[in-house]
$ cat entry-v6.txt   # compact mmCIF, C-alpha atoms
# COMPACT_ATOMS: atom_id res chain seq x y z
CA LYS A 1 38.20 -23.33 53.00
CA SER A 2 34.69 -23.95 51.79
CA LEU A 3 32.83 -25.28 48.76
CA PRO A 4 30.96 -23.09 46.27
CA GLY A 5 27.19 -22.79 46.59
CA SER A 6 26.84 -24.34 43.12
CA PHE A 7 27.34 -27.73 44.79
CA ARG A 8 23.59 -27.71 45.48
CA ASN A 9 22.90 -28.89 41.92
CA LEU A 10 25.40 -31.75 41.95
CA GLN A 11 24.19 -35.28 41.35
CA VAL A 12 26.80 -38.04 41.38
CA GLY A 13 26.08 -41.62 40.34
CA GLY A 14 29.12 -42.96 42.21
CA ASP A 15 31.42 -41.73 44.99
CA LEU A 16 32.37 -38.18 45.96
CA ASN A 17 35.59 -37.90 47.96
CA LEU A 18 36.24 -34.51 49.57
CA SER A 19 38.49 -35.79 52.35
CA SER A 20 41.66 -34.05 53.56
CA ASN A 21 40.83 -30.67 52.02
CA GLU A 22 40.90 -28.56 55.21
CA LEU A 23 37.22 -27.70 54.70
CA LYS A 24 35.84 -25.60 57.56
CA SER A 25 32.26 -25.30 56.34
CA LEU A 26 29.77 -26.60 53.80
CA PRO A 27 27.31 -24.46 51.82
CA GLY A 28 23.80 -24.16 53.26
CA SER A 29 22.38 -26.04 50.28
CA PHE A 30 24.75 -29.00 50.68
CA GLY A 31 21.85 -31.25 51.72
CA ASN A 32 20.44 -31.10 48.19
CA LEU A 33 23.17 -33.46 46.95
CA ARG A 34 22.17 -36.86 45.62
CA LEU A 35 24.87 -39.53 45.55
CA GLY A 36 24.70 -43.10 44.33
CA GLY A 37 27.82 -44.17 46.24
CA ASN A 38 29.96 -42.96 49.15
CA LEU A 39 30.33 -39.38 50.38
CA THR A 40 33.67 -38.87 52.10
CA LEU A 41 34.18 -35.69 54.13
CA ALA A 42 36.66 -37.20 56.58
CA TYR A 43 39.88 -35.49 57.73
CA ASN A 44 38.71 -31.93 57.26
CA ASN A 45 38.15 -29.18 59.84
CA LEU A 46 34.35 -29.18 59.85
CA GLN A 47 32.95 -27.84 63.13
CA SER A 48 29.28 -27.92 62.16
CA LEU A 49 26.98 -29.07 59.37
CA PRO A 50 24.32 -26.98 57.62
CA ALA A 51 20.67 -27.40 58.65
CA SER A 52 19.94 -28.87 55.20
CA PHE A 53 22.33 -31.77 55.83
CA GLY A 54 19.43 -34.03 56.81
CA ASN A 55 18.05 -33.80 53.26
CA LEU A 56 21.15 -35.52 51.89
CA GLN A 57 20.69 -38.83 50.08
CA VAL A 58 23.72 -41.12 50.09
CA GLY A 59 23.47 -44.47 48.34
CA ASP A 60 26.26 -46.07 50.33
CA GLY A 61 28.55 -44.84 53.14
CA LEU A 62 28.81 -41.39 54.72
CA TYR A 63 32.26 -40.63 56.14
CA LEU A 64 32.41 -37.70 58.57
CA SER A 65 35.16 -39.03 60.82
CA SER A 66 38.15 -37.06 62.04
CA ASN A 67 36.66 -33.60 61.79
CA GLN A 68 35.96 -31.19 64.63
CA LEU A 69 32.18 -31.60 64.76
CA GLN A 70 30.82 -30.47 68.11
CA SER A 71 27.14 -30.95 67.30
CA LEU A 72 24.81 -32.21 64.59
CA PRO A 73 21.80 -30.37 63.15
CA ALA A 74 18.34 -31.50 64.28
CA SER A 75 17.64 -32.57 60.68
CA PHE A 76 20.43 -35.18 60.87
CA ALA A 77 17.89 -37.89 61.73
CA ASN A 78 16.27 -37.41 58.31
CA LEU A 79 19.41 -38.56 56.48
CA GLN A 80 19.09 -41.38 54.01
CA VAL A 81 22.23 -43.52 54.28
CA GLY A 82 22.24 -46.76 52.33
CA GLY A 83 25.46 -48.04 53.92
CA THR A 84 27.64 -47.17 56.90
CA LEU A 85 27.76 -43.90 58.86
CA TYR A 86 31.13 -42.83 60.25
CA LEU A 87 31.09 -40.10 62.91
CA SER A 88 34.08 -41.27 64.94
CA GLY A 89 36.98 -39.03 65.91
CA ASN A 90 35.01 -35.80 66.31
CA GLN A 91 34.23 -33.68 69.36
CA LEU A 92 30.55 -34.53 69.73
CA LYS A 93 29.32 -33.95 73.27
CA SER A 94 25.66 -34.67 72.56
CA LEU A 95 23.35 -35.83 69.79
CA PRO A 96 20.10 -34.17 68.67
CA ALA A 97 16.94 -35.37 70.44
CA SER A 98 15.67 -36.73 67.10
CA PHE A 99 18.79 -38.88 66.54
CA GLY A 100 16.84 -42.01 67.51
CA ASN A 101 14.76 -41.63 64.33
CA LEU A 102 17.82 -42.28 62.16
CA GLN A 103 17.94 -45.47 60.11
CA VAL A 104 21.27 -46.74 58.82
CA ALA A 105 21.39 -49.82 56.61
CA GLY A 106 25.00 -50.66 57.52
CA SER A 107 27.05 -49.93 60.64
CA MET A 108 27.30 -46.74 62.70
CA TYR A 109 30.53 -45.55 64.30
CA LEU A 110 30.27 -42.94 67.07
CA SER A 111 33.52 -43.90 68.79
CA ASP A 112 36.22 -41.49 69.96
CA ASN A 113 33.94 -38.54 70.64
CA GLN A 114 33.11 -36.78 73.90
CA LEU A 115 29.53 -37.99 74.31
CA LEU A 116 28.34 -37.55 77.88
CA SER A 117 24.84 -38.91 77.32
CA LEU A 118 22.52 -40.23 74.63
CA PRO A 119 19.09 -38.80 73.77
CA ASN A 120 16.08 -40.45 75.44
CA ALA A 121 14.81 -41.77 72.09
CA PHE A 122 18.17 -43.40 71.22
CA GLY A 123 16.52 -46.81 71.55
CA ASN A 124 14.40 -46.06 68.46
CA LEU A 125 17.58 -46.10 66.34
CA ARG A 126 17.74 -48.74 63.60
CA VAL A 127 21.22 -49.94 62.59
CA GLY A 128 21.62 -52.83 60.15
CA CYS A 129 24.98 -54.18 61.35
CA HIS A 130 27.20 -52.76 64.11
CA LEU A 131 26.94 -49.83 66.51
CA ASN A 132 30.22 -48.63 68.01
CA LEU A 133 30.18 -46.19 70.95
CA HIS A 134 33.58 -46.94 72.51
CA HIS A 135 35.91 -44.21 73.82
CA ASN A 136 33.25 -41.70 74.85
CA GLN A 137 32.45 -40.33 78.29
CA LEU A 138 29.05 -41.96 78.77
CA LYS A 139 28.01 -42.19 82.42
CA SER A 140 24.61 -43.79 81.86
CA LEU A 141 22.34 -45.03 79.09
CA PRO A 142 18.75 -43.90 78.41
CA GLY A 143 15.91 -46.22 79.41
CA SER A 144 15.08 -46.81 75.74
CA PHE A 145 18.54 -48.34 75.13
CA GLY A 146 17.12 -51.83 75.68
CA CYS A 147 14.79 -51.33 72.68
CA LEU A 148 17.68 -50.61 70.32
CA GLN A 149 17.61 -52.65 67.10
CA VAL A 150 21.09 -53.52 65.87
CA GLY A 151 21.57 -56.32 63.35
CA GLY A 152 25.05 -57.24 64.61
CA ASP A 153 27.48 -56.25 67.36
CA LEU A 154 26.88 -53.49 69.86

$ encode --input "entry-v6.txt" --output "structure tokens"
Amino acid sequence: KSLPGSFRNLQVGGDLNLSSNELKSLPGSFGNLRLGGNLTLAYNNLQSLPASFGNLQVGDGLYLSSNQLQSLPASFANLQVGGTLYLSGNQLKSLPASFGNLQVAGSMYLSDNQLLSLPNAFGNLRVGCHLNLHHNQLKSLPGSFGCLQVGGDL
């Protein structure tokens, strides 16, 4: 299942919940969405995200957990997330090199993936509250990890 391309013109002042719809893909223009609240895409069958996804503006939380994401587009670091970012319960093996440029006002959950390593610039990441990396397959951490700025628990 997929969403129509007309989604590119959608502007929502509050939340948009598209969870549990068996979505396998998103339209290429999906990143043009502007949301004042939460965007929930959890519990679908998404394996990848369109390149435009990094243009997305989400006023609060972005829920991408429990999909089948194996990778993220390079543009992902350009996301504007005003709240928490949920990427747990996917099949991510790696993160884009630019991932360290991401800024998340709330918490970030990367738990229960298959991450083997983190990008060298991961230490540039800015997370307002908590960063959760548990239940991955990390063997080592990049040298920049000590520069990581997390407002709460790591």

$ atom_distance --input "entry-v6.txt" --atom1 "CA of Gly106 (chain A)" --atom2 "CA of Leu64 (chain A)"
15.0 Å

$ residues_around --input "entry-v6.txt" --residues "region 23-40 of chain A" --least-positions-apart "5" --cutoff "7 Å" --atoms "only C-alpha atoms" --output "count of residues only"
35

$ atom_distance --input "entry-v6.txt" --atom1 "CA of Asn21 (chain A)" --atom2 "CA of Ser66 (chain A)"
12.2 Å

$ closest_residue --input "entry-v6.txt" --among "A:Gly128, A:Gly123, A:Pro73, A:Pro142" --to "Pro96 (chain A)" --atoms "all atoms listed in the file"
A:Pro73

$ atom_distance --input "entry-v6.txt" --atom1 "CA of Glu22 (chain A)" --atom2 "CA of Leu131 (chain A)"
27.8 Å

$ closest_residue --input "entry-v6.txt" --among "A:Leu87, A:Ala74, A:Leu116, A:Ala51" --to "Phe99 (chain A)" --atoms "only C-alpha atoms"
A:Ala74

$ closest_residue --input "entry-v6.txt" --among "A:Asn44, A:Ser6, A:Asn78, A:Asn101" --to "Arg126 (chain A)" --atoms "all atoms listed in the file"
A:Asn101

$ residues_near_point --input "entry-v6.txt" --point "(16.9, -36.6, 69.0)" --cutoff "12 Å" --atoms "only C-alpha atoms" --output "PyMOL selection string"
chain A and resi 71-78+94-102+117-125

$ closest_residue --input "entry-v6.txt" --among "A:Gln91, A:Gln70, A:Gln137, A:Asn132" --to "Tyr109 (chain A)" --atoms "all atoms listed in the file"
A:Asn132

$ closest_residue --input "entry-v6.txt" --among "A:Val150, A:Leu79, A:Leu141, A:Leu69" --to "Asp112 (chain A)" --atoms "only C-alpha atoms"
A:Leu69

$ closest_residue --input "entry-v6.txt" --among "A:Val127, A:Ala105, A:Ala42, A:Leu138" --to "Tyr86 (chain A)" --atoms "all atoms listed in the file"
A:Ala42

$ build_atoms --input "entry-v6.txt" --residues "region 46-57 of chain A" --atoms "N, CA, C and O atoms" --output "PDB file, keeping the file's coordinate frame"
ATOM      1  N   LEU A  46      35.756 -29.539  59.689  1.00  0.00           N
ATOM      2  CA  LEU A  46      34.350 -29.180  59.850  1.00  0.00           C
ATOM      3  C   LEU A  46      33.987 -29.113  61.329  1.00  0.00           C
ATOM      4  O   LEU A  46      34.220 -30.062  62.073  1.00  0.00           O
ATOM      5  N   GLN A  47      33.396 -27.997  61.744  1.00  0.00           N
ATOM      6  CA  GLN A  47      32.950 -27.840  63.130  1.00  0.00           C
ATOM      7  C   GLN A  47      31.446 -27.983  63.258  1.00  0.00           C
ATOM      8  O   GLN A  47      30.934 -28.255  64.337  1.00  0.00           O
ATOM      9  N   SER A  48      30.743 -27.780  62.156  1.00  0.00           N
ATOM     10  CA  SER A  48      29.280 -27.920  62.160  1.00  0.00           C
ATOM     11  C   SER A  48      28.838 -28.305  60.749  1.00  0.00           C
ATOM     12  O   SER A  48      29.605 -28.227  59.795  1.00  0.00           O
ATOM     13  N   LEU A  49      27.585 -28.705  60.646  1.00  0.00           N
ATOM     14  CA  LEU A  49      26.980 -29.070  59.370  1.00  0.00           C
ATOM     15  C   LEU A  49      25.783 -28.173  59.136  1.00  0.00           C
ATOM     16  O   LEU A  49      25.106 -27.788  60.095  1.00  0.00           O
ATOM     17  N   PRO A  50      25.478 -27.849  57.881  1.00  0.00           N
ATOM     18  CA  PRO A  50      24.320 -26.980  57.620  1.00  0.00           C
ATOM     19  C   PRO A  50      23.008 -27.661  57.988  1.00  0.00           C
ATOM     20  O   PRO A  50      22.918 -28.894  58.003  1.00  0.00           O
ATOM     21  N   ALA A  51      21.991 -26.865  58.276  1.00  0.00           N
ATOM     22  CA  ALA A  51      20.670 -27.400  58.650  1.00  0.00           C
ATOM     23  C   ALA A  51      20.104 -28.309  57.567  1.00  0.00           C
ATOM     24  O   ALA A  51      19.381 -29.255  57.866  1.00  0.00           O
ATOM     25  N   SER A  52      20.461 -28.062  56.314  1.00  0.00           N
ATOM     26  CA  SER A  52      19.940 -28.870  55.200  1.00  0.00           C
ATOM     27  C   SER A  52      20.576 -30.251  55.112  1.00  0.00           C
ATOM     28  O   SER A  52      20.143 -31.083  54.311  1.00  0.00           O
ATOM     29  N   PHE A  53      21.583 -30.522  55.935  1.00  0.00           N
ATOM     30  CA  PHE A  53      22.330 -31.770  55.830  1.00  0.00           C
ATOM     31  C   PHE A  53      21.423 -32.997  55.922  1.00  0.00           C
ATOM     32  O   PHE A  53      21.694 -34.024  55.304  1.00  0.00           O
ATOM     33  N   GLY A  54      20.356 -32.912  56.658  1.00  0.00           N
ATOM     34  CA  GLY A  54      19.430 -34.030  56.810  1.00  0.00           C
ATOM     35  C   GLY A  54      18.676 -34.389  55.539  1.00  0.00           C
ATOM     36  O   GLY A  54      18.067 -35.447  55.460  1.00  0.00           O
ATOM     37  N   ASN A  55      18.710 -33.527  54.529  1.00  0.00           N
ATOM     38  CA  ASN A  55      18.050 -33.800  53.260  1.00  0.00           C
ATOM     39  C   ASN A  55      18.929 -34.627  52.318  1.00  0.00           C
ATOM     40  O   ASN A  55      18.477 -35.061  51.267  1.00  0.00           O
ATOM     41  N   LEU A  56      20.156 -34.821  52.708  1.00  0.00           N
ATOM     42  CA  LEU A  56      21.150 -35.520  51.890  1.00  0.00           C
ATOM     43  C   LEU A  56      20.719 -36.963  51.633  1.00  0.00           C
ATOM     44  O   LEU A  56      20.175 -37.631  52.514  1.00  0.00           O
ATOM     45  N   GLN A  57      20.948 -37.439  50.420  1.00  0.00           N
ATOM     46  CA  GLN A  57      20.690 -38.830  50.080  1.00  0.00           C
ATOM     47  C   GLN A  57      21.998 -39.457  49.614  1.00  0.00           C
ATOM     48  O   GLN A  57      22.569 -39.028  48.603  1.00  0.00           O
TER      49      GLN A  57
END
